[in-house]
Amino acid sequence: MKNNEKRLFRLQDVSLSLKILVPTILSIAVVISVFTFYLIDDQRARSKARLNAKAKNLTDLLAYSNIDSLWNFNVDQLQDITGSFFKDQDIVSIIIMDQREIVYADLHKETRGSEQITLTRAIKKGEEQIGTLKTVFTNYHIEKNLTWIKIEIIVLSIIIFTVIIFFIVIISKRVLKPLDCVLEGIDHVARGDYHYRIERLSNDEIGQVARQFNRMSRQITRLQDLAVKTAETGKEMEIAKNIQMSLQPSIAGFTDCGFEISANMTPAEDVGGDYYDIIRSCDKKLWFGIGDVTGHGLVSGLVMMMAQVAVNTLIRSTPDLSPQELLTYANTTVQFNIREGLKKDHHMTISFIKEEKEGEYRYAGAHEIILIYRVKTKQVEQIETKGMWMGIVPDISKPTNKFAGSFTLEPGDILFLYTDGVIEIKNRDGEQFDIERLSRFIVENAAYDTDTIKQNLLVNLNKFKANQDDDITFLIMKKE
């Protein structure tokens, strides 16, 4: 046990440069060795293939060249032709005989090399075989040339290996040297000196580490200064959350509006940027809408509250507005407050629906698709909202008027309004809940009361999601 501990200590005590260099050098050595052997084997295979092709071609050519000489028993001419071929350095034997096995040419050289290629060809005059040719080729000279090629490849590999190792050593020294500065800075921080700064030596990764270290030191100093204010900030966030929750409409106040209603708003943070509302104007007309401010957190929550105040004020003071007029007028105030007051670039998707008369409704705005479950067809109808976002430009009247529309609801129909946090929530595989799943859910649960539909949807979303990155808000209204 003690020996193992001692060995482990020695391994951990090895310098970082050696931990980098040794595995790198060994890896490069293995790669270059494998590549070298591959090149040598490839050259050997190519040389062998060339010798086989050469042997076949020369044998075929020699057999063809001696046809007339053998047919006419012209021994001198046959030996001249055979002798000219025999001068090739790779041929070590040529034997030519006729059909009676009388030899007309029998040439031999000293046999050298590790392998020989023996080929036999019939010498034919037309269709008649008049003799036989036998040749033997050696790989001696090819092996000799291959030896020099091997030496050249090995020498070249050694040179490449040496050059690579040289550059690796140089680069590793340059890379690791700045780490000493970082370690020194860490030592200062460990002693409580948060004002120490590292001199950034370069713009590479180590230089970036030094810059991040300096930034971290500054942040620690700021955090020390802000530590006392943390409790107060927490109280302020709690107050903002309470204000936002108190502004949500009371569903209990709409039991006689002709709808069975349930709603949910689950912020991703303490203060969310989602918004839904149900308003009864002084002329008893019902308004309901939903919106989503970009981002989430305190600023998004403030923008949401401004939109809610603007919308409620307009509806209660001027009840005969159309939905498109409501959004156009509200946008004037909200856009000014966002750009000039908060100095932010947030905006808000929002759509509002107004009850014109019993069963008939008019909508305007730009938000998620409106879903309506039709009790007669047992299907979900989708109505797109294509107006203009609130908070981007001062005047949104043209697109808002252009894409305003209307629809009807019959008893048993369900109106479902939601924010993107419902359909864009993802599971562990990165799949979104999407509008198709939501539509199937509505069809499967349409027979239940709205509160049961709400609870079932929350259960489904909790089972589906990997985590919650956005506010989850929806409004369910079943026509009575």
# chains A, B, ... in the order shown; residues from 1 in each chain; ligands from 1
call {"tool": "residues_around", "arguments": {"residues": "Thr333 of chain A", "least_positions_apart": "5", "cutoff": "10 Å", "atoms": "only C-alpha atoms", "output": "ChimeraX atom specification"}}
result
/A:306-307,310,328,338,390-391,394
call {"tool": "write_last_selection", "arguments": {"atoms": "N, CA and C atoms", "output": "mmCIF file, in the first residue's frame"}}
result
data_model
loop_
_atom_site.group_PDB
_atom_site.id
_atom_site.type_symbol
_atom_site.label_atom_id
_atom_site.label_comp_id
_atom_site.auth_asym_id
_atom_site.auth_seq_id
_atom_site.Cartn_x
_atom_site.Cartn_y
_atom_site.Cartn_z
ATOM 1 N N MET A 306 -46.195 47.516 -17.105
ATOM 2 C CA MET A 306 -46.556 48.729 -17.839
ATOM 3 C C MET A 306 -47.627 48.430 -18.885
ATOM 4 N N ALA A 307 -47.478 47.299 -19.596
ATOM 5 C CA ALA A 307 -48.466 46.921 -20.606
ATOM 6 C C ALA A 307 -49.810 46.640 -19.959
ATOM 7 N N ALA A 310 -51.450 49.932 -18.974
ATOM 8 C CA ALA A 310 -51.908 50.672 -20.155
ATOM 9 C C ALA A 310 -53.179 50.056 -20.723
ATOM 10 N N THR A 328 -52.816 49.538 -30.455
ATOM 11 C CA THR A 328 -52.118 50.678 -31.053
ATOM 12 C C THR A 328 -51.892 51.777 -30.030
ATOM 13 N N ILE A 338 -40.288 52.071 -22.547
ATOM 14 C CA ILE A 338 -39.174 51.120 -22.700
ATOM 15 C C ILE A 338 -37.942 51.830 -23.242
ATOM 16 N N MET A 390 -45.394 44.780 -29.739
ATOM 17 C CA MET A 390 -45.509 46.009 -28.984
ATOM 18 C C MET A 390 -44.143 46.415 -28.422
ATOM 19 N N GLY A 391 -43.798 47.714 -28.558
ATOM 20 C CA GLY A 391 -42.590 48.235 -27.948
ATOM 21 C C GLY A 391 -41.437 48.475 -28.895
ATOM 22 N N PRO A 394 -43.061 53.394 -32.540
ATOM 23 C CA PRO A 394 -44.153 54.149 -31.893
ATOM 24 C C PRO A 394 -45.528 53.849 -32.477
#
call {"tool": "residues_around", "arguments": {"residues": "Phe37 of chain A", "least_positions_apart": "2", "cutoff": "12 Å", "atoms": "only C-alpha atoms", "output": "MDAnalysis selection string"}}
result
chainID A and resid 30:35 39:44 149:151 153:154 157
call {"tool": "write_last_selection", "arguments": {"atoms": "C-alpha atoms", "output": "JSON list (two decimals), in the first residue's frame"}}
result
[["chain", "number", "residue", "atom", "x", "y", "z"],
["A", 30, "VAL", "CA", 3.48, 5.93, -32.87],
["A", 31, "VAL", "CA", 1.75, 7.87, -35.65],
["A", 32, "ILE", "CA", 4.96, 8.39, -37.63],
["A", 33, "SER", "CA", 6.00, 4.74, -37.13],
["A", 34, "VAL", "CA", 2.66, 3.49, -38.37],
["A", 35, "PHE", "CA", 2.79, 5.90, -41.30],
["A", 39, "LEU", "CA", 4.54, 3.69, -46.83],
["A", 40, "ILE", "CA", 7.05, 0.83, -46.91],
["A", 41, "ASP", "CA", 4.32, -1.80, -47.26],
["A", 42, "ASP", "CA", 2.66, 0.30, -49.92],
["A", 43, "GLN", "CA", 5.91, 0.59, -51.90],
["A", 44, "ARG", "CA", 6.50, -3.17, -51.56],
["A", 149, "ILE", "CA", 13.39, 3.54, -50.74],
["A", 150, "LYS", "CA", 13.00, 2.16, -47.20],
["A", 151, "ILE", "CA", 16.09, 4.04, -46.09],
["A", 153, "ILE", "CA", 11.39, 6.88, -46.00],
["A", 154, "ILE", "CA", 12.91, 6.11, -42.60],
["A", 157, "SER", "CA", 10.35, 10.12, -41.01]]
call {"tool": "residues_around", "arguments": {"residues": "Asp420 of chain A", "least_positions_apart": "5", "cutoff": "9 Å", "atoms": "only C-alpha atoms", "output": "list in words"}}
result
Asp292, His367, Glu368, Ile425, Asp470, Asp471, Ile472 and Thr473 of chain A
call {"tool": "residues_around", "arguments": {"residues": "Thr135 of chain A", "least_positions_apart": "5", "cutoff": "8 Å", "atoms": "only C-alpha atoms", "output": "PyMOL selection string"}}
result
chain A and resi 59+91-95+118-120
call {"tool": "write_last_selection", "arguments": {"atoms": "C-alpha atoms", "output": "tab-separated table (two decimals), in the first residue's frame"}}
result
chain	number	residue	atom	x	y	z
A	59	THR	CA	6.26	-13.41	-71.41
A	91	ILE	CA	14.60	-12.38	-66.13
A	92	VAL	CA	16.70	-15.28	-64.79
A	93	SER	CA	15.49	-18.11	-67.04
A	94	ILE	CA	13.93	-18.60	-70.51
A	95	ILE	CA	13.16	-22.05	-71.95
A	118	THR	CA	7.39	-18.56	-62.99
A	119	LEU	CA	5.15	-18.22	-66.04
A	120	THR	CA	4.33	-20.72	-68.82
call {"tool": "residues_around", "arguments": {"residues": "Ser69 of chain A", "least_positions_apart": "4", "cutoff": "6 Å", "atoms": "only C-alpha atoms", "output": "ChimeraX atom specification"}}
result
/A:73-74,78
call {"tool": "atom_distance", "arguments": {"atom1": "atom CA of Ile130 of chain A", "atom2": "atom CA of Tyr64 of chain A"}}
result
11.7 Å
call {"tool": "atom_distance", "arguments": {"atom1": "atom CA of Ala364 of chain A", "atom2": "atom CA of Pro323 of chain A"}}
result
5.5 Å
call {"tool": "closest_residue", "arguments": {"among": "A:Phe464, A:Trp389, A:Tyr361, A:Phe407", "to": "Gly430 of chain A", "atoms": "only C-alpha atoms"}}
result
A:Phe464
